[in-house]
file start34.cif (mmCIF, C-alpha atoms and all ligand atoms)
data_my_file
#
loop_
_atom_site.label_atom_id
_atom_site.label_comp_id
_atom_site.auth_asym_id
_atom_site.auth_seq_id
_atom_site.Cartn_x
_atom_site.Cartn_y
_atom_site.Cartn_z
CA MET A 1 -25.54 -1.72 14.20
CA SER A 2 -24.79 -1.42 10.46
CA ASP A 3 -26.67 1.95 10.39
CA THR A 4 -23.75 3.61 12.18
CA LEU A 5 -21.04 2.13 9.94
CA SER A 6 -19.45 3.44 6.74
CA PRO A 7 -20.63 1.59 3.59
CA ALA A 8 -17.41 -0.47 3.47
CA GLU A 9 -17.62 -1.42 7.16
CA ALA A 10 -21.33 -2.27 6.78
CA GLY A 11 -20.40 -4.62 3.94
CA LYS A 12 -17.66 -6.26 6.03
CA PHE A 13 -20.09 -6.60 8.92
CA ALA A 14 -22.74 -8.24 6.69
CA ALA A 15 -20.20 -10.74 5.32
CA ALA A 16 -18.92 -11.55 8.81
CA MET A 17 -22.43 -12.14 10.15
CA ALA A 18 -23.26 -14.44 7.24
CA SER A 19 -20.02 -16.43 7.63
CA VAL A 20 -20.60 -17.50 11.24
CA ALA A 21 -23.80 -19.28 10.14
CA GLU A 22 -21.43 -21.86 8.57
CA ILE A 23 -20.03 -22.84 11.97
CA GLU A 24 -21.39 -25.86 13.85
CA ASP A 25 -21.03 -26.93 17.46
CA GLY A 26 -17.77 -28.81 18.13
CA MET A 27 -15.88 -27.36 15.18
CA THR A 28 -12.27 -26.25 15.10
CA VAL A 29 -12.25 -22.81 13.49
CA GLY A 30 -9.37 -20.79 12.04
CA LEU A 31 -9.74 -17.09 12.86
CA GLY A 32 -8.37 -14.62 10.33
CA THR A 33 -6.84 -11.20 10.89
CA GLY A 34 -7.99 -7.70 9.97
CA SER A 35 -11.05 -5.52 10.41
CA THR A 36 -13.44 -7.91 8.59
CA ALA A 37 -12.13 -10.89 10.55
CA ALA A 38 -12.55 -8.91 13.78
CA TRP A 39 -16.29 -8.51 13.03
CA MET A 40 -16.43 -12.26 12.46
CA VAL A 41 -14.68 -13.02 15.78
CA ARG A 42 -17.18 -10.81 17.62
CA ALA A 43 -20.15 -12.45 15.85
CA LEU A 44 -18.74 -15.93 16.46
CA ALA A 45 -18.15 -15.28 20.16
CA LYS A 46 -21.71 -14.00 20.52
CA ARG A 47 -23.18 -17.00 18.71
CA ALA A 48 -21.07 -19.45 20.75
CA LYS A 49 -22.23 -17.80 23.97
CA ASP A 50 -25.91 -17.49 22.99
CA GLU A 51 -26.12 -21.07 21.73
CA GLY A 52 -23.74 -22.72 24.21
CA MET A 53 -21.48 -23.94 21.40
CA THR A 54 -18.13 -25.57 22.12
CA LEU A 55 -15.57 -24.30 19.62
CA THR A 56 -11.80 -24.60 19.38
CA CYS A 57 -10.26 -21.56 17.71
CA VAL A 58 -6.88 -21.22 16.00
CA PRO A 59 -6.06 -17.52 15.49
CA THR A 60 -3.81 -16.27 12.70
CA SER A 61 -2.21 -13.44 14.69
CA GLU A 62 -1.52 -12.24 18.22
CA ARG A 63 -4.08 -9.46 17.58
CA THR A 64 -6.84 -11.91 16.78
CA ALA A 65 -5.80 -14.24 19.62
CA GLY A 66 -6.15 -11.34 22.10
CA LEU A 67 -9.59 -10.38 20.79
CA ALA A 68 -10.85 -13.99 20.76
CA ARG A 69 -9.62 -14.66 24.30
CA ALA A 70 -11.13 -11.39 25.58
CA LEU A 71 -14.49 -12.47 24.13
CA GLY A 72 -14.35 -15.85 25.85
CA LEU A 73 -13.48 -18.10 22.88
CA THR A 74 -11.18 -21.08 23.46
CA VAL A 75 -7.88 -20.33 21.73
CA VAL A 76 -5.22 -22.92 20.88
CA GLY A 77 -2.12 -22.98 18.67
CA LEU A 78 -1.88 -24.58 15.25
CA ASP A 79 0.21 -27.45 16.65
CA ASP A 80 -2.50 -28.25 19.19
CA VAL A 81 -4.92 -29.47 16.52
CA ASP A 82 -4.69 -32.15 13.82
CA ARG A 83 -6.86 -30.27 11.38
CA ILE A 84 -9.17 -27.27 11.15
CA ASP A 85 -12.75 -27.59 9.90
CA VAL A 86 -13.02 -24.11 8.46
CA THR A 87 -11.03 -20.89 8.46
CA ILE A 88 -12.76 -17.56 7.99
CA ASP A 89 -10.54 -14.66 6.96
CA GLY A 90 -10.56 -11.37 5.08
CA ALA A 91 -8.59 -10.55 1.94
CA ASP A 92 -7.12 -7.53 0.21
CA GLU A 93 -8.14 -8.73 -3.26
CA PHE A 94 -9.81 -11.78 -4.80
CA ASP A 95 -10.34 -12.71 -8.44
CA GLY A 96 -12.74 -14.95 -10.36
CA HIS A 97 -10.59 -18.02 -9.63
CA MET A 98 -10.65 -17.30 -5.89
CA ARG A 99 -6.98 -16.41 -5.95
CA LEU A 100 -6.23 -13.87 -3.25
CA ILE A 101 -3.82 -11.17 -2.22
CA LYS A 102 -3.51 -11.10 1.56
CA GLY A 103 -1.11 -9.58 4.06
CA GLY A 104 -2.31 -5.99 4.30
CA GLY A 105 -2.20 -6.60 8.04
CA ALA A 106 1.21 -8.35 7.80
CA ALA A 107 -0.30 -11.63 9.02
CA HIS A 108 -0.20 -13.62 5.76
CA LEU A 109 2.42 -16.15 6.94
CA ARG A 110 0.26 -17.48 9.78
CA GLU A 111 -2.88 -16.93 7.69
CA LYS A 112 -1.53 -19.18 4.95
CA LEU A 113 -0.39 -21.86 7.40
CA VAL A 114 -3.82 -21.92 9.08
CA ALA A 115 -5.65 -21.89 5.72
CA ALA A 116 -3.48 -24.75 4.45
CA ALA A 117 -4.40 -26.82 7.53
CA SER A 118 -8.13 -26.20 6.96
CA ASP A 119 -10.71 -28.30 5.14
CA ARG A 120 -12.34 -25.06 3.95
CA MET A 121 -11.33 -21.42 3.70
CA ILE A 122 -14.11 -18.84 3.59
CA VAL A 123 -13.12 -15.31 2.64
CA ILE A 124 -15.32 -12.51 3.91
CA THR A 125 -15.18 -9.17 2.21
CA ASP A 126 -16.90 -6.03 1.02
CA PRO A 127 -17.37 -5.59 -2.77
CA SER A 128 -14.28 -3.37 -3.18
CA LYS A 129 -11.89 -6.36 -3.01
CA ASP A 130 -13.44 -8.08 -6.07
CA VAL A 131 -10.99 -7.63 -8.98
CA GLU A 132 -10.67 -8.83 -12.57
CA THR A 133 -6.88 -9.17 -12.25
CA LEU A 134 -4.85 -9.28 -9.04
CA GLY A 135 -2.16 -6.69 -8.42
CA ALA A 136 -3.61 -3.23 -7.75
CA PHE A 137 -3.10 -3.93 -4.04
CA PRO A 138 0.66 -4.12 -3.31
CA LEU A 139 1.74 -7.73 -2.82
CA PRO A 140 3.17 -8.26 0.71
CA ILE A 141 6.31 -10.39 0.86
CA GLU A 142 7.57 -11.44 4.31
CA VAL A 143 11.38 -11.61 4.46
CA ILE A 144 13.92 -12.48 7.13
CA PRO A 145 15.62 -9.30 8.48
CA PHE A 146 19.08 -10.90 8.08
CA GLY A 147 20.30 -9.84 4.64
CA TRP A 148 16.96 -8.31 3.66
CA LYS A 149 18.52 -5.91 1.14
CA GLY A 150 19.97 -8.84 -0.82
CA THR A 151 16.59 -10.56 -0.65
CA GLU A 152 14.91 -7.43 -1.98
CA LYS A 153 17.43 -7.37 -4.86
CA ARG A 154 16.55 -10.98 -5.74
CA ILE A 155 12.83 -10.14 -5.53
CA ARG A 156 13.43 -7.33 -8.03
CA GLU A 157 15.23 -9.74 -10.36
CA VAL A 158 12.26 -12.09 -10.23
CA LEU A 159 9.87 -9.20 -10.90
CA ALA A 160 11.98 -8.06 -13.86
CA ALA A 161 11.39 -11.48 -15.42
CA SER A 162 7.68 -11.60 -14.53
CA GLU A 163 4.54 -10.46 -16.36
CA VAL A 164 3.65 -7.55 -14.10
CA ASP A 165 2.94 -3.88 -14.85
CA GLY A 166 4.86 -2.35 -11.90
CA ARG A 167 8.09 -3.38 -10.18
CA GLU A 168 8.59 -0.98 -7.25
CA THR A 169 9.35 -2.63 -3.92
CA VAL A 170 9.03 -0.82 -0.58
CA LEU A 171 10.03 -1.98 2.90
CA ARG A 172 6.92 -1.55 5.08
CA MET A 173 7.62 1.04 7.80
CA LYS A 174 5.74 2.37 10.81
CA ASP A 175 6.85 5.21 13.10
CA GLY A 176 10.26 5.30 11.41
CA ALA A 177 11.04 1.60 11.88
CA PRO A 178 10.40 -1.51 9.79
CA VAL A 179 7.09 -3.20 10.57
CA LEU A 180 7.73 -6.50 12.33
CA THR A 181 5.43 -9.47 11.77
CA ASP A 182 4.38 -11.82 14.58
CA GLN A 183 7.39 -13.94 13.55
CA GLY A 184 9.75 -10.96 13.89
CA ASN A 185 10.25 -10.60 10.13
CA TYR A 186 10.05 -7.63 7.72
CA VAL A 187 7.48 -7.06 4.97
CA ILE A 188 8.38 -5.80 1.50
CA ASP A 189 5.38 -4.53 -0.49
CA ALA A 190 5.66 -5.08 -4.24
CA HIS A 191 3.66 -2.56 -6.29
CA LEU A 192 2.87 -4.68 -9.32
CA LYS A 193 -0.36 -3.04 -10.59
CA ARG A 194 -1.29 -6.17 -12.61
CA ILE A 195 -0.19 -9.77 -12.09
CA ALA A 196 -0.75 -11.64 -15.37
CA ASP A 197 0.30 -15.07 -14.08
CA PRO A 198 -0.15 -15.38 -10.28
CA GLU A 199 0.82 -19.10 -10.22
CA SER A 200 4.21 -18.50 -11.86
CA LEU A 201 4.93 -15.46 -9.71
CA SER A 202 3.95 -17.37 -6.58
CA MET A 203 6.42 -20.17 -7.34
CA ALA A 204 9.22 -17.81 -8.35
CA LEU A 205 8.91 -15.70 -5.17
CA ALA A 206 8.68 -18.76 -2.93
CA ASP A 207 11.99 -19.96 -4.39
CA ILE A 208 13.99 -16.90 -3.25
CA PRO A 209 16.26 -17.45 -0.22
CA GLY A 210 15.17 -15.06 2.54
CA VAL A 211 11.52 -14.95 1.45
CA VAL A 212 9.48 -16.58 4.18
CA GLU A 213 6.05 -16.23 2.56
CA HIS A 214 4.22 -14.01 0.13
CA GLY A 215 0.61 -12.87 0.07
CA LEU A 216 -0.61 -14.75 -3.02
CA PHE A 217 -3.10 -17.40 -1.87
CA ILE A 218 -3.78 -19.86 -4.67
CA GLY A 219 -5.96 -22.96 -4.37
CA LEU A 220 -6.77 -22.30 -0.72
CA CYS A 221 -10.07 -20.40 -0.78
CA ASP A 222 -13.24 -22.22 -1.79
CA THR A 223 -15.94 -19.75 -0.75
CA VAL A 224 -16.18 -15.97 -0.83
CA ILE A 225 -18.95 -14.16 1.03
CA ILE A 226 -19.38 -10.60 -0.20
CA GLY A 227 -21.28 -8.32 2.17
CA HIS A 228 -23.08 -5.25 0.84
CA PRO A 229 -23.68 -1.93 2.59
CA ASP A 230 -27.45 -2.62 2.69
CA GLY A 231 -26.79 -5.68 4.88
CA LYS A 232 -27.36 -8.24 2.11
CA HIS A 233 -24.68 -10.70 1.08
CA GLU A 234 -23.85 -13.02 -1.81
CA THR A 235 -21.91 -16.26 -1.61
CA ARG A 236 -19.60 -17.46 -4.38
CA MET A 237 -18.33 -21.02 -4.36
CA HIS A 238 -15.29 -22.22 -6.20
CA ASP A 239 -16.23 -23.87 -9.50
CA GLN A 240 -15.31 -27.52 -9.04
CA THR A 241 -16.02 -28.33 -12.69
CA PRO A 242 -12.79 -29.70 -14.18
CA ALA A 243 -11.40 -28.01 -17.27
CA TRP A 244 -12.03 -30.01 -20.48
CA GLY A 245 -8.28 -30.25 -21.05
CA ASP A 246 -7.87 -32.01 -17.68
CA VAL A 247 -10.74 -34.41 -18.44
CA ILE A 248 -9.19 -35.38 -21.79
CA MET A 249 -5.75 -35.91 -20.16
CA GLU A 250 -7.33 -38.15 -17.49
CA LEU A 251 -9.25 -40.19 -20.09
CA ALA A 252 -6.10 -40.51 -22.23
CA ALA A 253 -4.22 -41.87 -19.22
CA LEU A 254 -6.81 -44.70 -18.97
CA LEU A 255 -6.27 -45.86 -22.58
CA PRO A 256 -4.09 -48.98 -23.03
CA THR A 257 -0.64 -48.20 -24.36
CA ALA A 258 0.51 -50.00 -27.54
C1 LIG A 301 -4.16 -9.44 7.11
C2 LIG A 301 -5.01 -9.69 5.93
C3 LIG A 301 -6.40 -9.14 5.96
O1 LIG A 301 -7.29 -10.20 5.82
C4 LIG A 301 -6.58 -8.18 4.83
O2 LIG A 301 -5.59 -7.18 4.95
C5 LIG A 301 -7.97 -7.56 4.84
O3 LIG A 301 -8.08 -6.71 5.95
P1 LIG A 301 -9.43 -5.93 6.27
O4 LIG A 301 -10.45 -6.96 6.61
O5 LIG A 301 -9.06 -5.05 7.44
O6 LIG A 301 -9.82 -5.14 5.06
O7 LIG A 301 -4.63 -10.31 4.98
O8 LIG A 301 -2.85 -9.89 6.91
#

call {"tool": "encode", "arguments": {"input": "start34.cif", "output": "structure tokens", "more": "lines below"}}
Ligand code: 5RP
result
Amino acid sequence: MSDTLSPAEAGKFAAAMASVAEIEDGMTVGLGTGSTAAWMVRALAKRAKDEGMTLTCVPTSERTAGLARALGLTVVGLDDVDRIDVTIDGADEFDGHMRLIKGGGAAHLREKLVAAASDRMIVITDPSKDVETLGAFPLPIEVIPFGWKGTEKRIREVLAASEVDGRETVLRMKDGAPVLTDQGNYVIDAHLKRIADPESLSMALADIPGVVEHGLFIGLCDTVIIGHPDGKHETRMHDQTPAWGDVIMELAALLPTA
């Protein structure tokens, strides 16, 4: 199969194949959105069928829900489950701290909700998404259509006060009309080039009235599987080692006060 694919697609395919090995019978699985996630859904459906596995799947978009249903997977909504064992999704960028930019497919709102409800989030990707610093990929920001121009103005004010190298914002369009998300919202893409402090930017954007969700995923992903064009893959796990500063603060809190 991977012989007929471009190098990038072969890498995505390899990562997707490796990720479904993490799934066990009886699990509730979050299904991501995008071309890499679509490979994973196909591989998961095949494995479930071949091995007679019972899985409950929570898709992150109507697109993924349609594909999963067509392949015979059991699809439910997020409110139909108490928790999700593992979500497998793609990403537009990831850095060394497993911080992500997502939303290239305009699905980041549901993707973040599903990831937040999951015990684990595995990102599957080809090597091109591995970055030193987030920001080369435009950051998607989902906004409510009502008053979106005012929301965009407030986003620009936040960007003006943020440590980023670019500040252009563009309403995402397709066929002459704004792209609508599954929630019926617009997406503004912020061309930031370099995001020096993703945590601060994440909080500042989330605080803007009219912003529903942005594509910075922080503290959600614990595993990244990088697929290579030759079919091999590597798995990176989040470093759980606490920073020395945190250890000292915790020990200090245990000392008796005078
Ligand atoms: C959709 C996403 C996708 O995961 C991201 O855009 C990666 O897509 P692809 O796997 O097609 O490269 O965030 O909202």

call {"tool": "residues_around", "arguments": {"input": "start34.cif", "residues": "A:Ala116", "least_positions_apart": "2", "cutoff": "10 Å", "atoms": "all atoms listed in the file", "output": "ChimeraX atom specification"}}
result
/A:83-84,87,110-114,118-121,217,219-221

call {"tool": "residues_near_ligand", "arguments": {"input": "start34.cif", "ligand": "ligand LIG 301 (chain A)", "cutoff": "8 Å", "atoms": "only C-alpha atoms and all ligand atoms", "output": "ChimeraX atom specification"}}
result
/A:12,32-38,89-92,101-108,111,124-125,215

call {"tool": "atom_distance", "arguments": {"input": "start34.cif", "atom1": "atom CA of A:His97", "atom2": "atom CA of A:Ala252"}}
result
26.2 Å

call {"tool": "closest_residue", "arguments": {"input": "start34.cif", "among": "A:Val131, A:Gly30, A:Arg42, A:Ala70", "to": "A:Thr56", "atoms": "only C-alpha atoms"}}
result
A:Gly30

call {"tool": "atom_distance", "arguments": {"input": "start34.cif", "atom1": "atom CA of A:Met40", "atom2": "atom CA of A:His228"}}
result
15.1 Å

call {"tool": "residues_around", "arguments": {"input": "start34.cif", "residues": "stretch 24-29 of chain A", "least_positions_apart": "3", "cutoff": "7 Å", "atoms": "all atoms listed in the file", "output": "list in words"}}
result
Met53, Thr54, Leu55, Thr56, Cys57, Val58, Ile84, Asp85, Val86 and Thr87 of chain A

call {"tool": "closest_residue", "arguments": {"input": "start34.cif", "among": "A:Asp95, A:Glu51, A:Asp126, A:Tyr186", "to": "A:Pro229", "atoms": "all atoms listed in the file"}}
result
A:Asp126

call {"tool": "closest_residue", "arguments": {"input": "start34.cif", "among": "A:Met237, A:Ile225, A:Ala8, A:Ile188", "to": "A:Ile144", "atoms": "all atoms listed in the file"}}
result
A:Ile188

call {"tool": "residues_around", "arguments": {"input": "start34.cif", "residues": "A:Pro7", "least_positions_apart": "2", "cutoff": "10 Å", "atoms": "all atoms listed in the file", "output": "PyMOL selection string"}}
result
chain A and resi 2-5+9-13+126+228-231

call {"tool": "residues_around", "arguments": {"input": "start34.cif", "residues": "A:Val41", "least_positions_apart": "2", "cutoff": "9 Å", "atoms": "only C-alpha atoms", "output": "list in words"}}
result
Ala16, Val20, Leu31, Gly32, Thr36, Ala37, Ala38, Trp39, Ala43, Leu44, Ala45, Lys46, Thr64, Leu67, Ala68, Leu71 and Leu73 of chain A

call {"tool": "atom_distance", "arguments": {"input": "start34.cif", "atom1": "atom CA of A:Glu132", "atom2": "atom CA of A:Ile218"}}
result
15.2 Å

call {"tool": "closest_residue", "arguments": {"input": "start34.cif", "among": "A:Gly176, A:Gly166, A:Pro127, A:Gly96", "to": "A:Glu234", "atoms": "all atoms listed in the file"}}
result
A:Pro127

call {"tool": "residues_around", "arguments": {"input": "start34.cif", "residues": "A:Arg194", "least_positions_apart": "6", "cutoff": "12 Å", "atoms": "all atoms listed in the file", "output": "PDB file with C-alpha atoms, in the coordinates of the input"}}
result
ATOM      1  CA  GLU A  93      -8.140  -8.730  -3.260  1.00  0.00           C
ATOM      2  CA  ASP A  95     -10.340 -12.710  -8.440  1.00  0.00           C
ATOM      3  CA  ILE A 101      -3.820 -11.170  -2.220  1.00  0.00           C
ATOM      4  CA  VAL A 131     -10.990  -7.630  -8.980  1.00  0.00           C
ATOM      5  CA  GLU A 132     -10.670  -8.830 -12.570  1.00  0.00           C
ATOM      6  CA  THR A 133      -6.880  -9.170 -12.250  1.00  0.00           C
ATOM      7  CA  LEU A 134      -4.850  -9.280  -9.040  1.00  0.00           C
ATOM      8  CA  GLY A 135      -2.160  -6.690  -8.420  1.00  0.00           C
ATOM      9  CA  ALA A 136      -3.610  -3.230  -7.750  1.00  0.00           C
ATOM     10  CA  PHE A 137      -3.100  -3.930  -4.040  1.00  0.00           C
ATOM     11  CA  PRO A 138       0.660  -4.120  -3.310  1.00  0.00           C
ATOM     12  CA  LEU A 139       1.740  -7.730  -2.820  1.00  0.00           C
ATOM     13  CA  LEU A 159       9.870  -9.200 -10.900  1.00  0.00           C
ATOM     14  CA  SER A 162       7.680 -11.600 -14.530  1.00  0.00           C
ATOM     15  CA  GLU A 163       4.540 -10.460 -16.360  1.00  0.00           C
ATOM     16  CA  VAL A 164       3.650  -7.550 -14.100  1.00  0.00           C
ATOM     17  CA  ASP A 165       2.940  -3.880 -14.850  1.00  0.00           C
ATOM     18  CA  GLY A 166       4.860  -2.350 -11.900  1.00  0.00           C
ATOM     19  CA  ARG A 167       8.090  -3.380 -10.180  1.00  0.00           C
ATOM     20  CA  LEU A 201       4.930 -15.460  -9.710  1.00  0.00           C
TER      21      LEU A 201
END

call {"tool": "closest_residue", "arguments": {"input": "start34.cif", "among": "A:Leu205, A:Ala15, A:Ala21, A:Val211", "to": "A:Gly150", "atoms": "only C-alpha atoms"}}
result
A:Val211

call {"tool": "closest_residue", "arguments": {"input": "start34.cif", "among": "A:Ile155, A:Met98, A:Val76, A:Ala160", "to": "A:His238", "atoms": "only C-alpha atoms"}}
result
A:Met98

call {"tool": "build_atoms", "arguments": {"input": "start34.cif", "residues": "stretch 39-59 of chain A", "atoms": "N, CA, C and O atoms", "output": "CSV table (one decimal), keeping the file's coordinate frame"}}
result
chain,number,residue,atom,x,y,z
A,39,TRP,N,-14.8,-8.4,12.9
A,39,TRP,CA,-16.3,-8.5,13.0
A,39,TRP,C,-16.7,-10.0,13.2
A,39,TRP,O,-17.6,-10.3,13.9
A,40,MET,N,-16.1,-10.8,12.4
A,40,MET,CA,-16.4,-12.3,12.5
A,40,MET,C,-16.2,-12.8,13.8
A,40,MET,O,-17.0,-13.6,14.4
A,41,VAL,N,-15.0,-12.5,14.4
A,41,VAL,CA,-14.7,-13.0,15.8
A,41,VAL,C,-15.7,-12.6,16.8
A,41,VAL,O,-16.2,-13.4,17.6
A,42,ARG,N,-16.1,-11.3,16.7
A,42,ARG,CA,-17.2,-10.8,17.6
A,42,ARG,C,-18.5,-11.6,17.4
A,42,ARG,O,-19.1,-12.0,18.4
A,43,ALA,N,-18.9,-11.8,16.1
A,43,ALA,CA,-20.2,-12.4,15.8
A,43,ALA,C,-20.1,-13.9,16.3
A,43,ALA,O,-21.0,-14.5,16.8
A,44,LEU,N,-18.9,-14.5,16.1
A,44,LEU,CA,-18.7,-15.9,16.5
A,44,LEU,C,-18.8,-16.1,18.0
A,44,LEU,O,-19.5,-17.0,18.5
A,45,ALA,N,-18.1,-15.2,18.7
A,45,ALA,CA,-18.2,-15.3,20.2
A,45,ALA,C,-19.6,-15.1,20.7
A,45,ALA,O,-20.0,-15.8,21.6
A,46,LYS,N,-20.3,-14.2,20.1
A,46,LYS,CA,-21.7,-14.0,20.5
A,46,LYS,C,-22.5,-15.2,20.3
A,46,LYS,O,-23.3,-15.7,21.1
A,47,ARG,N,-22.4,-15.8,19.1
A,47,ARG,CA,-23.2,-17.0,18.7
A,47,ARG,C,-22.8,-18.2,19.6
A,47,ARG,O,-23.7,-18.9,20.1
A,48,ALA,N,-21.5,-18.3,19.9
A,48,ALA,CA,-21.1,-19.4,20.8
A,48,ALA,C,-21.7,-19.3,22.1
A,48,ALA,O,-22.1,-20.3,22.7
A,49,LYS,N,-21.7,-18.1,22.6
A,49,LYS,CA,-22.2,-17.8,24.0
A,49,LYS,C,-23.8,-18.0,24.0
A,49,LYS,O,-24.3,-18.8,24.8
A,50,ASP,N,-24.4,-17.4,23.0
A,50,ASP,CA,-25.9,-17.5,23.0
A,50,ASP,C,-26.4,-18.9,22.8
A,50,ASP,O,-27.4,-19.3,23.4
A,51,GLU,N,-25.6,-19.7,22.0
A,51,GLU,CA,-26.1,-21.1,21.7
A,51,GLU,C,-25.4,-22.2,22.5
A,51,GLU,O,-25.6,-23.3,22.2
A,52,GLY,N,-24.5,-21.7,23.4
A,52,GLY,CA,-23.7,-22.7,24.2
A,52,GLY,C,-22.9,-23.7,23.4
A,52,GLY,O,-22.8,-24.8,23.6
A,53,MET,N,-22.3,-23.1,22.3
A,53,MET,CA,-21.5,-23.9,21.4
A,53,MET,C,-20.1,-24.1,22.0
A,53,MET,O,-19.5,-23.2,22.6
A,54,THR,N,-19.5,-25.3,21.7
A,54,THR,CA,-18.1,-25.6,22.1
A,54,THR,C,-17.3,-25.5,20.9
A,54,THR,O,-17.5,-26.3,19.9
A,55,LEU,N,-16.4,-24.5,20.8
A,55,LEU,CA,-15.6,-24.3,19.6
A,55,LEU,C,-14.1,-24.3,20.0
A,55,LEU,O,-13.8,-23.8,21.1
A,56,THR,N,-13.2,-24.7,19.2
A,56,THR,CA,-11.8,-24.6,19.4
A,56,THR,C,-11.3,-23.7,18.3
A,56,THR,O,-11.5,-23.9,17.1
A,57,CYS,N,-10.6,-22.6,18.7
A,57,CYS,CA,-10.3,-21.6,17.7
A,57,CYS,C,-8.7,-21.4,17.6
A,57,CYS,O,-8.0,-21.4,18.5
A,58,VAL,N,-8.3,-21.4,16.3
A,58,VAL,CA,-6.9,-21.2,16.0
A,58,VAL,C,-6.7,-19.8,15.3
A,58,VAL,O,-7.1,-19.7,14.2
A,59,PRO,N,-6.2,-18.9,16.1
A,59,PRO,CA,-6.1,-17.5,15.5
A,59,PRO,C,-4.8,-17.4,14.6
A,59,PRO,O,-3.9,-18.2,14.7
